[in-house]
>>> print(open('entry.pdb').read())   # PDB, C-alpha atoms
ATOM      1  CA  MET A 208       0.000   0.000   0.000  1.00  0.00           C
ATOM      2  CA  ASP A 209       2.518   2.557  -1.143  1.00  0.00           C
ATOM      3  CA  GLN A 210      -0.046   4.509  -3.156  1.00  0.00           C
ATOM      4  CA  PRO A 211      -0.873   8.066  -2.107  1.00  0.00           C
ATOM      5  CA  ASN A 212      -4.406   8.895  -1.038  1.00  0.00           C
ATOM      6  CA  LEU A 213      -5.593  10.442  -4.288  1.00  0.00           C
ATOM      7  CA  PRO A 214      -9.202  10.571  -5.330  1.00  0.00           C
ATOM      8  CA  PRO A 215     -10.075   8.298  -8.221  1.00  0.00           C
ATOM      9  CA  ASN A 216      -9.996   9.720 -11.765  1.00  0.00           C
ATOM     10  CA  VAL A 217      -7.255  12.274 -11.110  1.00  0.00           C
ATOM     11  CA  ASN A 218      -6.122  13.765 -14.419  1.00  0.00           C
ATOM     12  CA  SER A 219      -2.604  15.159 -14.279  1.00  0.00           C
ATOM     13  CA  ASP A 220      -3.056  16.954 -17.633  1.00  0.00           C
ATOM     14  CA  ILE A 221      -5.389  19.610 -16.208  1.00  0.00           C
ATOM     15  CA  LEU A 222      -3.705  22.994 -16.217  1.00  0.00           C
ATOM     16  CA  PRO A 223      -4.230  25.483 -13.397  1.00  0.00           C
ATOM     17  CA  THR A 224      -6.154  28.644 -14.190  1.00  0.00           C
ATOM     18  CA  SER A 225      -4.067  31.762 -14.692  1.00  0.00           C
ATOM     19  CA  THR A 226      -4.224  34.160 -11.758  1.00  0.00           C
ATOM     20  CA  LEU A 227      -3.853  37.091 -14.147  1.00  0.00           C
ATOM     21  CA  ALA A 228      -6.908  35.918 -16.092  1.00  0.00           C
ATOM     22  CA  ILE A 229      -8.974  35.810 -12.914  1.00  0.00           C
ATOM     23  CA  VAL A 230      -7.715  39.254 -11.886  1.00  0.00           C
ATOM     24  CA  SER A 231      -8.610  40.581 -15.338  1.00  0.00           C
ATOM     25  CA  LEU A 232     -12.176  39.321 -15.167  1.00  0.00           C
ATOM     26  CA  VAL A 233     -12.739  40.440 -11.571  1.00  0.00           C
ATOM     27  CA  SER A 234     -11.305  43.905 -12.192  1.00  0.00           C
ATOM     28  CA  ALA A 235     -13.449  44.278 -15.326  1.00  0.00           C
ATOM     29  CA  ILE A 236     -16.538  43.471 -13.273  1.00  0.00           C
ATOM     30  CA  LEU A 237     -15.425  45.912 -10.591  1.00  0.00           C
ATOM     31  CA  GLY A 238     -14.803  48.464 -13.340  1.00  0.00           C
ATOM     32  CA  PHE A 239     -18.484  48.386 -14.205  1.00  0.00           C
ATOM     33  CA  THR A 240     -19.533  48.811 -10.583  1.00  0.00           C
ATOM     34  CA  ILE A 241     -17.156  50.279  -7.996  1.00  0.00           C
ATOM     35  CA  VAL A 242     -13.919  51.578  -9.554  1.00  0.00           C
ATOM     36  CA  PRO A 243     -14.599  52.458 -13.214  1.00  0.00           C
ATOM     37  CA  VAL A 244     -11.314  53.877 -14.489  1.00  0.00           C
ATOM     38  CA  ILE A 245      -8.886  51.871 -12.370  1.00  0.00           C
ATOM     39  CA  GLY A 246     -10.787  48.621 -12.956  1.00  0.00           C
ATOM     40  CA  THR A 247     -10.728  49.199 -16.705  1.00  0.00           C
ATOM     41  CA  ILE A 248      -6.991  49.819 -16.827  1.00  0.00           C
ATOM     42  CA  VAL A 249      -6.210  46.802 -14.632  1.00  0.00           C
ATOM     43  CA  ALA A 250      -8.560  44.580 -16.678  1.00  0.00           C
ATOM     44  CA  LEU A 251      -6.874  45.488 -19.953  1.00  0.00           C
ATOM     45  CA  ILE A 252      -3.302  45.176 -18.702  1.00  0.00           C
ATOM     46  CA  THR A 253      -3.771  41.898 -16.842  1.00  0.00           C
ATOM     47  CA  GLY A 254      -5.983  40.516 -19.621  1.00  0.00           C
ATOM     48  CA  TYR A 255      -3.281  40.932 -22.240  1.00  0.00           C
ATOM     49  CA  MET A 256      -0.642  39.573 -19.866  1.00  0.00           C
ATOM     50  CA  ALA A 257      -2.833  36.526 -19.147  1.00  0.00           C
ATOM     51  CA  ARG A 258      -3.382  35.888 -22.842  1.00  0.00           C
ATOM     52  CA  GLY A 259       0.365  35.832 -23.287  1.00  0.00           C
ATOM     53  CA  GLU A 260       0.611  33.269 -20.482  1.00  0.00           C
ATOM     54  CA  THR A 261      -2.166  31.039 -21.786  1.00  0.00           C
ATOM     55  CA  ARG A 262      -1.010  31.084 -25.398  1.00  0.00           C
ATOM     56  CA  ALA A 263       2.615  30.328 -24.593  1.00  0.00           C
ATOM     57  CA  ILE A 264       4.126  27.142 -25.946  1.00  0.00           C
ATOM     58  CA  PRO A 265       4.035  24.911 -23.994  1.00  0.00           C
ATOM     59  CA  ALA A 266       0.993  26.149 -22.136  1.00  0.00           C
ATOM     60  CA  LYS A 267       1.469  26.122 -18.366  1.00  0.00           C
ATOM     61  CA  VAL A 268      -1.861  27.696 -17.404  1.00  0.00           C
ATOM     62  CA  SER A 269      -5.393  27.836 -18.742  1.00  0.00           C
ATOM     63  CA  GLY A 270      -7.914  30.666 -18.613  1.00  0.00           C
ATOM     64  CA  ASP A 271      -7.788  32.156 -22.098  1.00  0.00           C
ATOM     65  CA  GLY A 272     -11.550  32.666 -22.033  1.00  0.00           C
ATOM     66  CA  LEU A 273     -11.380  34.551 -18.742  1.00  0.00           C
ATOM     67  CA  ALA A 274      -8.635  36.785 -20.105  1.00  0.00           C
ATOM     68  CA  THR A 275     -10.583  37.441 -23.300  1.00  0.00           C
ATOM     69  CA  ALA A 276     -13.711  38.310 -21.313  1.00  0.00           C
ATOM     70  CA  GLY A 277     -11.725  40.758 -19.193  1.00  0.00           C
ATOM     71  CA  ILE A 278     -10.234  42.386 -22.291  1.00  0.00           C
ATOM     72  CA  ILE A 279     -13.611  42.707 -24.019  1.00  0.00           C
ATOM     73  CA  MET A 280     -15.260  44.158 -20.931  1.00  0.00           C
ATOM     74  CA  GLY A 281     -12.341  46.574 -20.536  1.00  0.00           C
ATOM     75  CA  TRP A 282     -12.673  47.875 -24.089  1.00  0.00           C
ATOM     76  CA  VAL A 283     -16.462  48.179 -23.695  1.00  0.00           C
ATOM     77  CA  GLN A 284     -15.821  50.337 -20.636  1.00  0.00           C
ATOM     78  CA  VAL A 285     -13.360  52.483 -22.610  1.00  0.00           C
ATOM     79  CA  ALA A 286     -15.988  52.954 -25.337  1.00  0.00           C
ATOM     80  CA  LEU A 287     -18.638  53.914 -22.768  1.00  0.00           C
ATOM     81  CA  LEU A 288     -16.225  56.367 -21.187  1.00  0.00           C
ATOM     82  CA  VAL A 289     -15.512  58.020 -24.555  1.00  0.00           C
ATOM     83  CA  ILE A 290     -19.241  58.197 -25.356  1.00  0.00           C
ATOM     84  CA  GLY A 291     -19.904  59.724 -21.936  1.00  0.00           C
ATOM     85  CA  ILE A 292     -17.220  62.363 -22.431  1.00  0.00           C
ATOM     86  CA  CYS A 293     -18.574  63.216 -25.897  1.00  0.00           C
ATOM     87  CA  CYS A 294     -22.114  63.526 -24.537  1.00  0.00           C
ATOM     88  CA  THR A 295     -20.909  65.769 -21.701  1.00  0.00           C
ATOM     89  CA  ILE A 296     -19.068  68.037 -24.143  1.00  0.00           C
ATOM     90  CA  ALA A 297     -22.114  68.161 -26.435  1.00  0.00           C
ATOM     91  CA  TYR A 298     -24.316  69.051 -23.460  1.00  0.00           C
ATOM     92  CA  PHE A 299     -22.125  71.967 -22.414  1.00  0.00           C
ATOM     93  CA  VAL A 300     -21.832  73.203 -26.015  1.00  0.00           C
ATOM     94  CA  PHE A 301     -25.635  73.094 -26.249  1.00  0.00           C
ATOM     95  CA  ILE A 302     -26.058  75.010 -22.976  1.00  0.00           C
ATOM     96  CA  VAL A 303     -23.521  77.660 -24.065  1.00  0.00           C
ATOM     97  CA  GLY A 304     -25.340  77.965 -27.406  1.00  0.00           C
ATOM     98  CA  ILE A 305     -28.683  78.497 -25.692  1.00  0.00           C
ATOM     99  CA  PHE A 306     -27.140  81.057 -23.342  1.00  0.00           C
ATOM    100  CA  ALA A 307     -25.511  82.927 -26.257  1.00  0.00           C
ATOM    101  CA  ALA A 308     -28.742  82.834 -28.317  1.00  0.00           C
ATOM    102  CA  SER A 309     -30.747  84.347 -25.489  1.00  0.00           C
ATOM    103  CA  GLY A 310     -28.421  87.333 -25.406  1.00  0.00           C
ATOM    104  CA  GLY A 311     -26.766  86.421 -22.137  1.00  0.00           C
ATOM    105  CA  GLN A 312     -29.805  87.261 -20.041  1.00  0.00           C
TER     106      GLN A 312
END
>>> encode(input="entry.pdb", output="structure tokens")
Amino acid sequence: MDQPNLPPNVNSDILPTSTLAIVSLVSAILGFTIVPVIGTIVALITGYMARGETRAIPAKVSGDGLATAGIIMGWVQVALLVIGICCTIAYFVFIVGIFAASGGQ
């Protein structure tokens, strides 16, 4: 009985999930809720780093889907931020135009 106490059906080919991929996904989710700008930046940076890890040859970690989700959510947040800034600028231009048209009264 020199065998270790392993559960049956243990597959040694399963790769661990990349920590950077998990951080990317979690920070992207937090970017939508609590910390918008910081979460977005962290999601993009760690997402691309995790993709480099998961696509390395030979692969030592898994989690390419998590990294891709973090990257996509990060770029969606960047797009929403740009749209928000454009809408804010358009709003102030509109208000200034109304003020100027009314003669400054």
>>> residues_around(input="entry.pdb", residues="A:Trp282", least_positions_apart="6", cutoff="12 Å", atoms="only C-alpha atoms", output="number ranges by chain")
A: 235, 238-239, 243-244, 246-252, 254-255, 275-276, 288-289
>>> atom_distance(input="entry.pdb", atom1="atom CA of A:Ile236", atom2="atom CA of A:Leu287")
14.3 Å
>>> atom_distance(input="entry.pdb", atom1="atom CA of A:Pro265", atom2="atom CA of A:Ile229")
20.3 Å
>>> resolve_selection(input="entry.pdb", expression="the PyMOL selection byres ((chain A and resi 256) around 12)", output="compact mmCIF listing (two decimals) with C-alpha atoms, in the frame of the given file")
# COMPACT_ATOMS: atom_id res chain seq x y z
CA SER A 225 -4.07 31.76 -14.69
CA THR A 226 -4.22 34.16 -11.76
CA LEU A 227 -3.85 37.09 -14.15
CA ALA A 228 -6.91 35.92 -16.09
CA ILE A 229 -8.97 35.81 -12.91
CA VAL A 230 -7.72 39.25 -11.89
CA SER A 231 -8.61 40.58 -15.34
CA VAL A 249 -6.21 46.80 -14.63
CA ALA A 250 -8.56 44.58 -16.68
CA LEU A 251 -6.87 45.49 -19.95
CA ILE A 252 -3.30 45.18 -18.70
CA THR A 253 -3.77 41.90 -16.84
CA GLY A 254 -5.98 40.52 -19.62
CA TYR A 255 -3.28 40.93 -22.24
CA ALA A 257 -2.83 36.53 -19.15
CA ARG A 258 -3.38 35.89 -22.84
CA GLY A 259 0.36 35.83 -23.29
CA GLU A 260 0.61 33.27 -20.48
CA THR A 261 -2.17 31.04 -21.79
CA ARG A 262 -1.01 31.08 -25.40
CA ALA A 263 2.62 30.33 -24.59
CA GLY A 270 -7.91 30.67 -18.61
CA ASP A 271 -7.79 32.16 -22.10
CA LEU A 273 -11.38 34.55 -18.74
CA ALA A 274 -8.64 36.78 -20.10
CA THR A 275 -10.58 37.44 -23.30
CA GLY A 277 -11.72 40.76 -19.19
CA ILE A 278 -10.23 42.39 -22.29
>>> axis_aligned_box(input="entry.pdb", around="stretch 299-304 of chain A", padding_each_side="8 Å", output="JSON")
{"center_x": -23.9, "center_y": 75.0, "center_z": -24.9, "size_x": 20.2, "size_y": 22.0, "size_z": 21.0}
>>> atom_distance(input="entry.pdb", atom1="atom CA of A:Met280", atom2="atom CA of A:Ala297")
25.6 Å
>>> closest_residue(input="entry.pdb", among="A:Val242, A:Val303, A:Ile296, A:Val268", to="A:Gln284", atoms="all atoms listed in the file")
A:Val242
